[in-house]
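So this one's data.txt, compact mmCIF, C-alpha atoms:
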```txt
# COMPACT_ATOMS: atom_id res chain seq x y z
CA MET A 1 -100.84 174.34 56.37
CA ASN A 2 -97.67 173.29 58.19
CA ALA A 3 -96.52 169.76 58.98
CA ASP A 4 -97.37 169.98 62.69
CA THR A 5 -100.99 170.89 61.95
CA LEU A 6 -101.29 168.20 59.29
CA SER A 7 -99.86 165.55 61.61
CA LYS A 8 -102.37 166.47 64.30
CA ILE A 9 -105.25 166.06 61.82
CA ILE A 10 -103.86 162.67 60.78
CA VAL A 11 -103.41 161.48 64.37
CA ASP A 12 -106.92 162.60 65.33
CA LYS A 13 -108.38 160.76 62.33
CA LEU A 14 -106.43 157.59 63.08
CA GLU A 15 -107.34 157.78 66.77
CA SER A 16 -111.06 158.22 66.08
CA ASN A 17 -111.01 155.12 63.84
CA PHE A 18 -108.53 153.14 65.94
CA ASP A 19 -110.59 150.02 66.63
CA GLN A 20 -111.78 149.68 63.05
CA LEU A 21 -108.28 150.11 61.62
CA SER A 22 -106.71 147.64 64.02
CA GLU A 23 -109.45 145.14 63.22
CA GLN A 24 -108.76 145.59 59.51
CA PHE A 25 -105.03 145.10 59.95
CA PHE A 26 -105.40 141.84 61.86
CA ALA A 27 -108.31 140.45 59.86
CA HIS A 28 -107.76 137.28 57.84
CA ASN A 29 -108.29 138.01 54.16
CA MET A 30 -108.62 135.10 51.77
CA ASN A 31 -107.29 137.13 48.83
CA THR A 32 -104.00 138.28 50.34
CA SER A 33 -101.63 137.31 53.13
CA THR A 34 -100.54 140.95 53.52
CA SER A 35 -101.91 142.84 56.51
CA PHE A 36 -103.23 146.31 55.72
CA PHE A 37 -105.74 148.97 56.67
CA ILE A 38 -107.62 151.62 54.69
CA LEU A 39 -108.83 154.99 55.94
CA ASP A 40 -110.94 157.27 53.74
CA ASP A 41 -111.36 161.06 54.02
CA LEU A 42 -108.06 161.39 55.85
CA LEU A 43 -107.79 165.16 55.52
CA PRO A 44 -110.36 167.95 55.10
CA GLU A 45 -111.31 167.93 51.42
CA LYS A 46 -109.99 171.45 50.85
CA VAL A 47 -106.55 170.44 52.14
CA ALA A 48 -106.44 167.27 50.03
CA LEU A 49 -107.38 169.31 46.94
CA ASP A 50 -104.63 171.81 47.74
CA ILE A 51 -102.12 168.96 47.81
CA TYR A 52 -103.37 167.69 44.45
CA LYS A 53 -103.31 171.13 42.82
CA ASN A 54 -99.72 171.72 43.93
CA TYR A 55 -98.26 168.51 42.54
CA PRO A 56 -95.28 169.53 40.37
CA ASN A 57 -95.30 169.62 36.60
CA LYS A 58 -94.34 166.23 35.23
CA ASN A 59 -91.29 167.57 33.38
CA ILE A 60 -89.31 167.67 36.66
CA TYR A 61 -90.09 164.06 37.64
CA ASN A 62 -87.84 161.06 37.17
CA PHE A 63 -89.55 158.89 34.55
CA LYS A 64 -89.24 155.15 35.09
CA ASP A 65 -90.08 153.05 32.04
CA THR A 66 -89.18 149.35 32.19
CA PHE A 67 -90.98 146.03 31.90
CA ARG A 68 -91.53 146.31 35.67
CA GLU A 69 -93.08 149.77 35.83
CA ARG A 70 -94.02 152.94 34.02
CA LYS A 71 -94.47 155.97 36.26
CA PHE A 72 -93.11 159.36 37.33
CA THR A 73 -91.37 159.74 40.71
CA PHE A 74 -89.99 162.73 42.61
CA THR A 75 -88.25 163.13 45.97
CA ASN A 76 -86.74 166.64 46.06
CA LEU A 77 -89.83 167.97 47.79
CA GLU A 78 -88.19 170.90 49.56
CA SER A 79 -87.41 172.43 46.15
CA LEU A 80 -91.10 172.93 45.31
CA GLU A 81 -92.41 176.48 45.40
CA ASN A 82 -95.46 175.61 47.49
CA PRO A 83 -94.48 173.73 50.69
CA ILE A 84 -97.71 171.69 51.01
CA ILE A 85 -96.27 168.54 49.34
CA ASP A 86 -93.18 168.61 51.55
CA ASN A 87 -95.33 169.33 54.62
CA ILE A 88 -97.75 166.45 54.10
CA THR A 89 -94.86 164.05 53.48
CA THR A 90 -93.09 165.28 56.60
CA SER A 91 -96.28 165.01 58.66
CA PHE A 92 -96.63 161.29 57.93
CA GLN A 93 -93.14 160.77 59.36
CA MET A 94 -93.63 162.65 62.60
CA ASP A 95 -93.34 160.81 65.92
CA SER A 96 -97.00 161.33 66.83
CA VAL A 97 -98.18 159.63 63.63
CA ILE A 98 -95.66 156.81 63.93
CA GLU A 99 -96.70 156.18 67.53
CA ILE A 100 -100.37 155.64 66.71
CA VAL A 101 -99.51 153.48 63.70
CA GLU A 102 -97.40 151.39 66.09
CA ARG A 103 -100.41 150.96 68.34
CA ILE A 104 -102.78 150.11 65.48
CA THR A 105 -100.44 147.52 63.95
CA LYS A 106 -98.77 146.38 67.19
CA ILE A 107 -95.40 146.77 65.44
CA ASN A 108 -93.03 148.35 67.94
CA HIS A 109 -89.97 150.55 67.43
CA LEU A 110 -91.01 151.96 64.06
CA GLU A 111 -88.93 154.78 62.61
CA SER A 112 -89.42 157.05 59.62
CA ASP A 113 -87.04 157.18 56.67
CA ASN A 114 -86.44 160.86 56.05
CA SER A 115 -84.29 160.05 53.02
CA LEU A 116 -87.45 158.85 51.20
CA TYR A 117 -85.48 155.87 49.89
CA ALA A 118 -87.73 154.22 47.29
CA GLY A 119 -90.40 156.70 48.40
CA GLY A 120 -91.52 160.24 47.70
CA ILE A 121 -94.38 161.18 45.40
CA SER A 122 -95.54 159.42 42.25
CA ARG A 123 -97.60 160.37 39.25
CA MET A 124 -99.13 157.79 36.91
CA ASP A 125 -100.64 158.82 33.59
CA LEU A 126 -102.51 156.96 30.84
CA GLY A 127 -100.84 153.60 30.19
CA HIS A 128 -98.70 153.65 33.32
CA PHE A 129 -98.51 150.59 35.61
CA LEU A 130 -96.55 148.85 38.33
CA ASN A 131 -96.17 145.09 37.99
CA PRO A 132 -96.39 142.77 41.03
CA HIS A 133 -93.30 143.19 43.20
CA ILE A 134 -92.02 143.16 46.77
CA ASP A 135 -90.56 146.41 48.14
CA ASN A 136 -86.90 146.90 48.99
CA SER A 137 -86.40 144.97 52.20
CA HIS A 138 -84.13 147.54 53.85
CA ASP A 139 -83.25 151.19 53.96
CA ALA A 140 -80.56 152.65 51.70
CA HIS A 141 -77.80 151.69 54.19
CA ARG A 142 -79.20 148.17 54.64
CA LYS A 143 -79.23 148.61 58.41
CA LYS A 144 -82.96 148.69 59.09
CA TYR A 145 -85.78 146.54 57.81
CA ARG A 146 -88.75 148.06 56.03
CA ARG A 147 -91.89 147.14 57.98
CA LEU A 148 -94.69 149.26 56.52
CA ASN A 149 -95.53 151.11 53.33
CA LEU A 150 -97.85 154.11 53.49
CA LEU A 151 -99.80 155.30 50.44
CA TYR A 152 -101.92 158.43 50.23
CA TYR A 153 -104.04 159.19 47.14
CA VAL A 154 -104.94 162.69 45.98
CA THR A 155 -106.55 162.41 42.52
CA PRO A 156 -110.14 163.76 42.70
CA GLU A 157 -113.08 161.95 41.12
CA ILE A 158 -111.05 158.90 40.08
CA GLN A 159 -113.08 155.73 39.55
CA GLU A 160 -112.00 152.09 39.68
CA SER A 161 -112.72 151.88 35.94
CA ASP A 162 -110.00 154.53 35.33
CA GLY A 163 -107.33 152.06 36.45
CA GLY A 164 -104.39 152.98 38.62
CA ASN A 165 -105.82 150.82 41.38
CA PHE A 166 -103.60 149.39 44.11
CA GLU A 167 -103.46 145.58 44.20
CA LEU A 168 -102.44 143.19 46.96
CA TRP A 169 -101.73 139.61 45.90
CA ASP A 170 -101.79 136.16 47.41
CA LYS A 171 -98.47 134.41 48.04
CA LYS A 172 -98.62 132.64 44.66
CA VAL A 173 -99.35 135.93 42.83
CA ILE A 174 -102.38 134.47 41.08
CA LYS A 175 -105.26 136.78 41.94
CA PRO A 176 -105.16 140.31 43.36
CA LEU A 177 -107.27 142.08 45.91
CA LYS A 178 -108.01 145.40 44.22
CA ILE A 179 -108.05 148.59 46.31
CA PRO A 180 -109.22 151.63 44.30
CA SER A 181 -106.95 154.68 44.52
CA LYS A 182 -109.80 156.79 45.84
CA PHE A 183 -109.28 160.51 46.48
CA ASN A 184 -108.12 161.32 50.04
CA ARG A 185 -107.60 157.65 50.89
CA LEU A 186 -104.81 156.34 53.11
CA VAL A 187 -103.55 152.76 52.77
CA VAL A 188 -101.02 151.29 55.18
CA MET A 189 -99.64 147.84 54.35
CA GLU A 190 -97.02 145.63 55.92
CA THR A 191 -93.93 144.70 53.93
CA SER A 192 -92.63 141.16 54.13
CA LYS A 193 -91.11 138.44 51.98
CA SER A 194 -94.58 137.72 50.57
CA SER A 195 -96.21 141.16 50.41
CA TRP A 196 -96.66 141.20 46.64
CA HIS A 197 -98.39 144.32 45.37
CA SER A 198 -98.89 146.26 42.14
CA VAL A 199 -100.84 149.02 40.38
CA ASP A 200 -103.03 148.07 37.44
CA HIS A 201 -102.79 149.94 34.12
CA VAL A 202 -104.13 153.48 34.08
CA ARG A 203 -106.90 153.52 31.48
CA SER A 204 -107.91 157.19 31.35
CA ASN A 205 -106.42 160.67 31.40
```
Structure encoded using structure tokens:
Amino acid sequence: MNADTLSKIIVDKLESNFDQLSEQFFAHNMNTSTSFFILDDLLPEKVALDIYKNYPNKNIYNFKDTFRERKFTFTNLESLENPIIDNITTSFQMDSVIEIVERITKINHLESDNSLYAGGISRMDLGHFLNPHIDNSHDAHRKKYRRLNLLYYVTPEIQESDGGNFELWDKKVIKPLKIPSKFNRLVVMETSKSSWHSVDHVRSN
């Protein structure tokens, strides 16, 4: 499935849930000061499974292993044999998707970052984690401010008890709001000077 078709599916799904998503984004949440919205079943299940099945073998990833994080990352998506990973990533950055996200969040003049600076795809295995942090504030050239972070999850049948859950924190980074990394789930969060977030330890294979 090409990027144009995928972007149309995404736009239609966002449009059909517009009011709910906008309400989520502007709702006051006692557990975090970060605005966000969650949309489940973003793509047809067959397409989401195809994306999952075509994730690259972990031996070509960049492995990050520090006190801050332990995970695999990869950005050279056009090198993959099957284009579905590159296509879904491209689709999220298309003007039609950006335009409706602008309307949902009321953040104007959004632009994509085709360089995937501090982006791309990630894989987290048993024992992997991401400690509370705030994203890079700018793009690679430090000319534009990062406003939103988009996350899309493709692991089937994952449960909250398996770990690998996304966490949004309060400004004092005391207690997180846990968002399970459910299959075919989209999370869009704002980035700011206080948008602390993390991924709890993966506890299963």
Task: Pick from A:Leu49, A:Tyr61, A:Asp113, A:Thr34 nearest to Ser194 (chain A), counting all atoms listed in the file - done: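 Among the listed residues, the smallest separation from Ser194 (chain A) belongs to A:Thr34.
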TODO: Rank nothing, just name the residue among A:Leu21, A:Val202, A:Met30, A:Leu39 nearest to Phe129 (chain A), using only C-alpha atoms.
DONE: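 Closest to Phe129 (chain A), using only C-alpha atoms: A:Val202.
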Task: A:His201, A:Lys64, A:Arg185, A:His133 ranked by distance to Asp170 (chain A), top pick (using all atoms listed in the file) - done: A:His133
Task: Nearby residues (all atoms listed in the file) at most 9 Å from Asp125 (chain A), same-chain spacing under 5 positions excluded, as a ChimeraX atom specification - done: /A:70-72,164,202-205
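You will find CA of Asp95 (chain A) at 29.3 Å from CA of Asn165 (chain A).
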Task: Residue with smallest distance to Pro44 (chain A) - pool A:Ile10, A:Leu151, A:Met189, A:Leu110, counting only C-alpha atoms - done: A:Ile10
Task: Two-atom distance - CA of Ser192 (chain A), CA of Phe67 (chain A) (Å) - done: 22.8 Å
- [ ] Counting all atoms listed in the file, figure out which residue out of A:Lys172, A:Arg123, A:Lys8, A:Lys178 gets nearest to Leu43 (chain A).
- [x] A:Lys8
So which residues are close to (-97.0, 144.5, 43.3), meaning at most 7 Å away in the file's coordinates with all atoms listed in the file counted, and can you show them as a PDB file with C-alpha atoms, in the frame of the given file?
```pdb
ATOM      1  CA  LEU A 130     -96.550 148.850  38.330  1.00  0.00           C
ATOM      2  CA  ASN A 131     -96.170 145.090  37.990  1.00  0.00           C
ATOM      3  CA  PRO A 132     -96.390 142.770  41.030  1.00  0.00           C
ATOM      4  CA  HIS A 133     -93.300 143.190  43.200  1.00  0.00           C
ATOM      5  CA  ILE A 134     -92.020 143.160  46.770  1.00  0.00           C
ATOM      6  CA  GLU A 167    -103.460 145.580  44.200  1.00  0.00           C
ATOM      7  CA  LEU A 168    -102.440 143.190  46.960  1.00  0.00           C
ATOM      8  CA  TRP A 196     -96.660 141.200  46.640  1.00  0.00           C
ATOM      9  CA  HIS A 197     -98.390 144.320  45.370  1.00  0.00           C
ATOM     10  CA  SER A 198     -98.890 146.260  42.140  1.00  0.00           C
ATOM     11  CA  VAL A 199    -100.840 149.020  40.380  1.00  0.00           C
TER      12      VAL A 199
END
```
Open item on the list: Using Å and a single decimal, report how far CA of Lys171 (chain A) sits from CA of Ser195 (chain A).
Closed with: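 So the two atoms, CA of Ser195 (chain A) and CA of Lys171 (chain A), lie 7.5 Å apart.
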TODO: Would you mind listing what lies within 10 Å of Arg147 (chain A) as a ChimeraX atom specification, with only C-alpha atoms counted and same-chain residues fewer than 5 positions away left out?
DONE: /A:107,110-111,135,137-138,189-192
Keeping only C-alpha atoms, write those residues as a PDB file, in the frame of the given file.
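Okay, this is what ended up in result.pdb:
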```
ATOM      1  CA  ILE A 107     -95.400 146.770  65.440  1.00  0.00           C
ATOM      2  CA  LEU A 110     -91.010 151.960  64.060  1.00  0.00           C
ATOM      3  CA  GLU A 111     -88.930 154.780  62.610  1.00  0.00           C
ATOM      4  CA  ASP A 135     -90.560 146.410  48.140  1.00  0.00           C
ATOM      5  CA  SER A 137     -86.400 144.970  52.200  1.00  0.00           C
ATOM      6  CA  HIS A 138     -84.130 147.540  53.850  1.00  0.00           C
ATOM      7  CA  MET A 189     -99.640 147.840  54.350  1.00  0.00           C
ATOM      8  CA  GLU A 190     -97.020 145.630  55.920  1.00  0.00           C
ATOM      9  CA  THR A 191     -93.930 144.700  53.930  1.00  0.00           C
ATOM     10  CA  SER A 192     -92.630 141.160  54.130  1.00  0.00           C
TER      11      SER A 192
END
```
Open item on the list: Given only C-alpha atoms as the basis, pick out the residue of A:Val187, A:Leu177, A:Thr73, A:Thr155 nearest to Thr32 (chain A).
Closed with: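 Among A:Val187, A:Leu177, A:Thr73, A:Thr155, it is A:Leu177 that comes nearest to Thr32 (chain A).
Using all atoms listed in the file, the protein and nucleic acid residues lying no more than 12 Å from Glu45 (chain A), apart from those fewer than 6 places from it along its own chain, are Ile51, Tyr52, Val154, Thr155, Pro156, Phe183, Asn184 and Arg185 of chain A.
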